[in-house]
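The structure under discussion appears below in the form of structure tokens.
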There are 2 protein chains.
Amino acid sequence: MATPASPPLSYGVLLFPGFEVLDIAGPIECLSTLTHRQQGSSLTLAVIGRPIDDDHPDIPMELTPADPDPTVLGFSFQSQQVYKPTHTFATAPPLDMLLIPGGWGNLPPTKAAPEVAFLKSVYPSLKYLLTICTGSGLAAAAGILDGHRATGNKAVWDRLTSFGPKTYWVAHARWVVSGNIWTTSGVSAGTDGMIAFLASVYDSQLVENVVNSMEYNRQSDPSKDPFATIYNIEDVPPKE
Amino acid sequence: MATPASPPLSYGVLLFPGFEVLDIAGPIECLSTLTHRQQGSSLTLAVIGRPIDDDHPDIPMELTPADPDPTVLGFSFQSQQVYKPTHTFATAPPLDMLLIPGGWGNLPPTKAAPEVAFLKSVYPSLKYLLTICTGSGLAAAAGILDGHRATGNKAVWDRLTSFGPKTYWVAHARWVVSGNIWTTSGVSAGTDGMIAFLASVYDSQLVENVVNSMEYNRQSDPSKDPFATIYNIEDVPPKE
């Protein structure tokens with residue numbers, strides 16, 4: 001086996017109002033478990049989002065499809081849960097790897113214009129990018145996926161792929177690697193993609209220990225995707 | 001098939017400093033996806049935790065094993081992420097079902113004494129209880145698992161099971177149902193347990209739609225648990 005590449009040390013997660021919490025909870029759990037398993041490791045994770053002010057101190061999690069307006073803190077639940085940004089777009093630290101979750105808040109990505117602008121500016125300095133679910137729509141809207149192969153959420157396939165007319169969208173994929181860009185399918189697929197990424201830069205036994213600690217039934221074949229069949233979708237080649 | 005039982009309408013999640021976010025992110029995602037899929041449904045979720053004061057306004061997520069003190073907001077990450085409690089133990093609303101995640105913060109459960117006291121008082125009024133990971137240790141410490149079969153995190157099996165000397169601890173189980181108590185194995189197993197619970201009270205096609213929306217590779221056989229084998233653990237019968 002080839003020597004693993006140098007693992008990222010500084011991670012960031014790009015959050016927008018209405019992100020899907022499970023999209024990032026799985027991948028972040030992989031990282032936190034990794035630090036537990038590897039004594040002395042010192043990964044950092046910056047939570048990057050819109051400028052904080054008194055009216056919007058935090059980034060609200062999931063929105064319902066019926067409430068696509070990020071200012072509506074509805075849901076059926078008794079309170080909106082939030083993540084606390086550690087950095088704004090202006091103060092984001094240098095990052096080795098950025099994670100982008102999906103969620104109703106970025107469909108369509110025009111809702112997330114400041115996030116798209118940030119992505120355009122930060123991508124050239126990244127070693128790796130990982131998108132989960134409709135996060136690939138955000139990356140596509142930023143032009144980052146032009147000329148790349150990619151995947152994403154299968155339930156909103158037509159809408160998602162429309163944001164990347166210069167991208168080859170792969171239907172039957174749990175995740176896709178194209179250059180330094182990892183795109184994963186919907187929601188739960190982010191965990192499989194993150195594990196596969198870690199296995200590409202860390203010792204395989206260490207990653208196996210992480211998976212076992214999480215008691216996670218990993219899917220390790222990226223081409224196996226029952227949901228593409230369930231949603232009856234097909235590849236979408238570039239239109240331009 | 002028998003008519004499904006009446007589904008819970010009011011859910012609560014019991015959080016303690018140092019809970020494991022993925023333990024509840026998966027099960028909560030199941031509920032939020034269910035409300036998306038079932039128009040007009042109005043589930044509520046109360047986030048219940050220690051009394052809020054100016055010094056401790058939120059409930060911090062995961063702690064490292066090296067920082068078992070809930071007041072240490074360490075981690076390798078750049079900021080402690082939090083959940084916002086909606087209710088204290090004194091103001092908790094009536095609940096049909098309570099979810100209890102695991103996490104370093106409840107090992108040993110004496111660290112979580114106020115949570116244990118709350119559990120003792122609230123359990124008789126619940127229709128269902130679901131624990132994830134070391135959450136079953138908390139339930140055991142409250143005496144709720146006495147005379148029941150249960151499971152939990154496999155990596156800390158000896159320590160976990162020591163908190164429930166009157167419980168039959170099942171090693172090879174992704175989840176266990178005993179009366180109105182559902183206990184699941186570590187971390188990721190909570191999602192499989194929650195899905196199985198929903199399938200017991202909702203129409204099976206609706207639950208299948210939820211699973212597909214989450215693009216989740218569900219494990220539907222509760223007796224299939226590769227992690228019990230990996231950690232080489234065995235059943236622990238009651239000692240008393």
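Chain labels run A, B, ... following the order of the structure tokens; each chain numbers its residues from 1, and ligands are numbered from 1 in the order shown.
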Starting from chain B, keep only residues with some atom at most 6 Å from an atom of chain A, counting only C-alpha atoms, and report them as a ChimeraX atom specification. /B:22,25,42-46,76-78,186-188,214-216
When you look at Glu234 of chain A with a cut-off of 9 Å (counting only C-alpha atoms), what residues show up, excluding the ones that are within fewer than 6 positions of it in the same chain? I need them as a PyMOL selection string. chain A and resi 157+169-172+228
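Using only C-alpha atoms, the contacts of Lys120 of chain A at a cut-off of 8 Å, with sequence neighbours closer than 3 positions omitted, comprise Val116, Ala117, Tyr123, Pro124, Ala142, Gly143 and Ile144 of chain A.
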What's the 9 Å shell around Asp146 of chain A, counting only C-alpha atoms, without same-chain residues fewer than 2 positions away, as a list in words?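 The filter keeps Ala140, Gly143, Ile144, His148, Arg149, Gly164, Pro165, Lys166, Thr167, Tyr168 and Pro238 of chain A.
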Alpha helix (DSSP H) per DSSP on the backbone: members of segment 1-226 of chain B, as a PyMOL selection string: chain B and resi 21-37+113-122+135-141+157-161+189-201+204-213+226
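Neighbours of Tyr128 of chain B closer than or equal to 10 Å, with only C-alpha atoms counted and sequence neighbours fewer than 4 positions away skipped, come out as Pro7, Pro8, Tyr11, Leu95, Asp96, Met97, Leu98, Leu99, Tyr123, Pro124, Gly179, Asn180, Ile181, Trp182 and Phe197 of chain B.
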Emit the selected residues as a short mmCIF file (atom, residue, chain, number, x, y, z; two decimals), in the first residue's frame, including N, CA and C atoms.
data_model
loop_
_atom_site.label_atom_id
_atom_site.label_comp_id
_atom_site.auth_asym_id
_atom_site.auth_seq_id
_atom_site.Cartn_x
_atom_site.Cartn_y
_atom_site.Cartn_z
N PRO B 7 -48.82 6.13 18.17
CA PRO B 7 -47.47 6.71 18.20
C PRO B 7 -47.35 7.82 19.24
N PRO B 8 -46.18 8.00 19.81
CA PRO B 8 -45.97 9.13 20.72
C PRO B 8 -46.14 10.45 19.97
N TYR B 11 -42.23 14.08 22.49
CA TYR B 11 -40.93 13.48 22.76
C TYR B 11 -40.09 14.42 23.63
N LEU B 95 -44.53 13.90 28.85
CA LEU B 95 -43.88 13.29 27.69
C LEU B 95 -44.45 11.91 27.43
N ASP B 96 -44.63 11.60 26.13
CA ASP B 96 -44.97 10.23 25.76
C ASP B 96 -43.72 9.35 25.71
N MET B 97 -42.63 9.96 25.23
CA MET B 97 -41.40 9.17 25.04
C MET B 97 -40.18 10.01 25.37
N LEU B 98 -39.24 9.40 26.07
CA LEU B 98 -38.00 10.08 26.42
C LEU B 98 -36.82 9.36 25.76
N LEU B 99 -35.91 10.13 25.18
CA LEU B 99 -34.68 9.59 24.60
C LEU B 99 -33.51 9.97 25.50
N TYR B 123 -40.06 8.40 34.78
CA TYR B 123 -40.29 7.14 34.08
C TYR B 123 -41.73 6.60 34.20
N PRO B 124 -42.33 6.63 35.40
CA PRO B 124 -43.68 6.06 35.51
C PRO B 124 -44.72 6.73 34.62
N GLY B 179 -40.48 -4.73 27.62
CA GLY B 179 -41.61 -3.90 28.06
C GLY B 179 -41.67 -2.65 27.20
N ASN B 180 -41.75 -1.50 27.83
CA ASN B 180 -41.82 -0.25 27.06
C ASN B 180 -40.44 0.43 26.96
N ILE B 181 -39.39 -0.36 27.22
CA ILE B 181 -38.04 0.19 27.21
C ILE B 181 -37.24 -0.35 26.02
N TRP B 182 -36.76 0.56 25.21
CA TRP B 182 -35.90 0.22 24.07
C TRP B 182 -34.49 0.67 24.42
N PHE B 197 -38.29 1.28 16.33
CA PHE B 197 -39.39 1.73 17.17
C PHE B 197 -40.50 2.36 16.32
#
As a PyMOL selection string, please: every residue in segment 119-239 of chain A that a backbone DSSP assignment puts in strand (DSSP E). chain A and resi 128-131+149-150+168-169+175-178+181-184
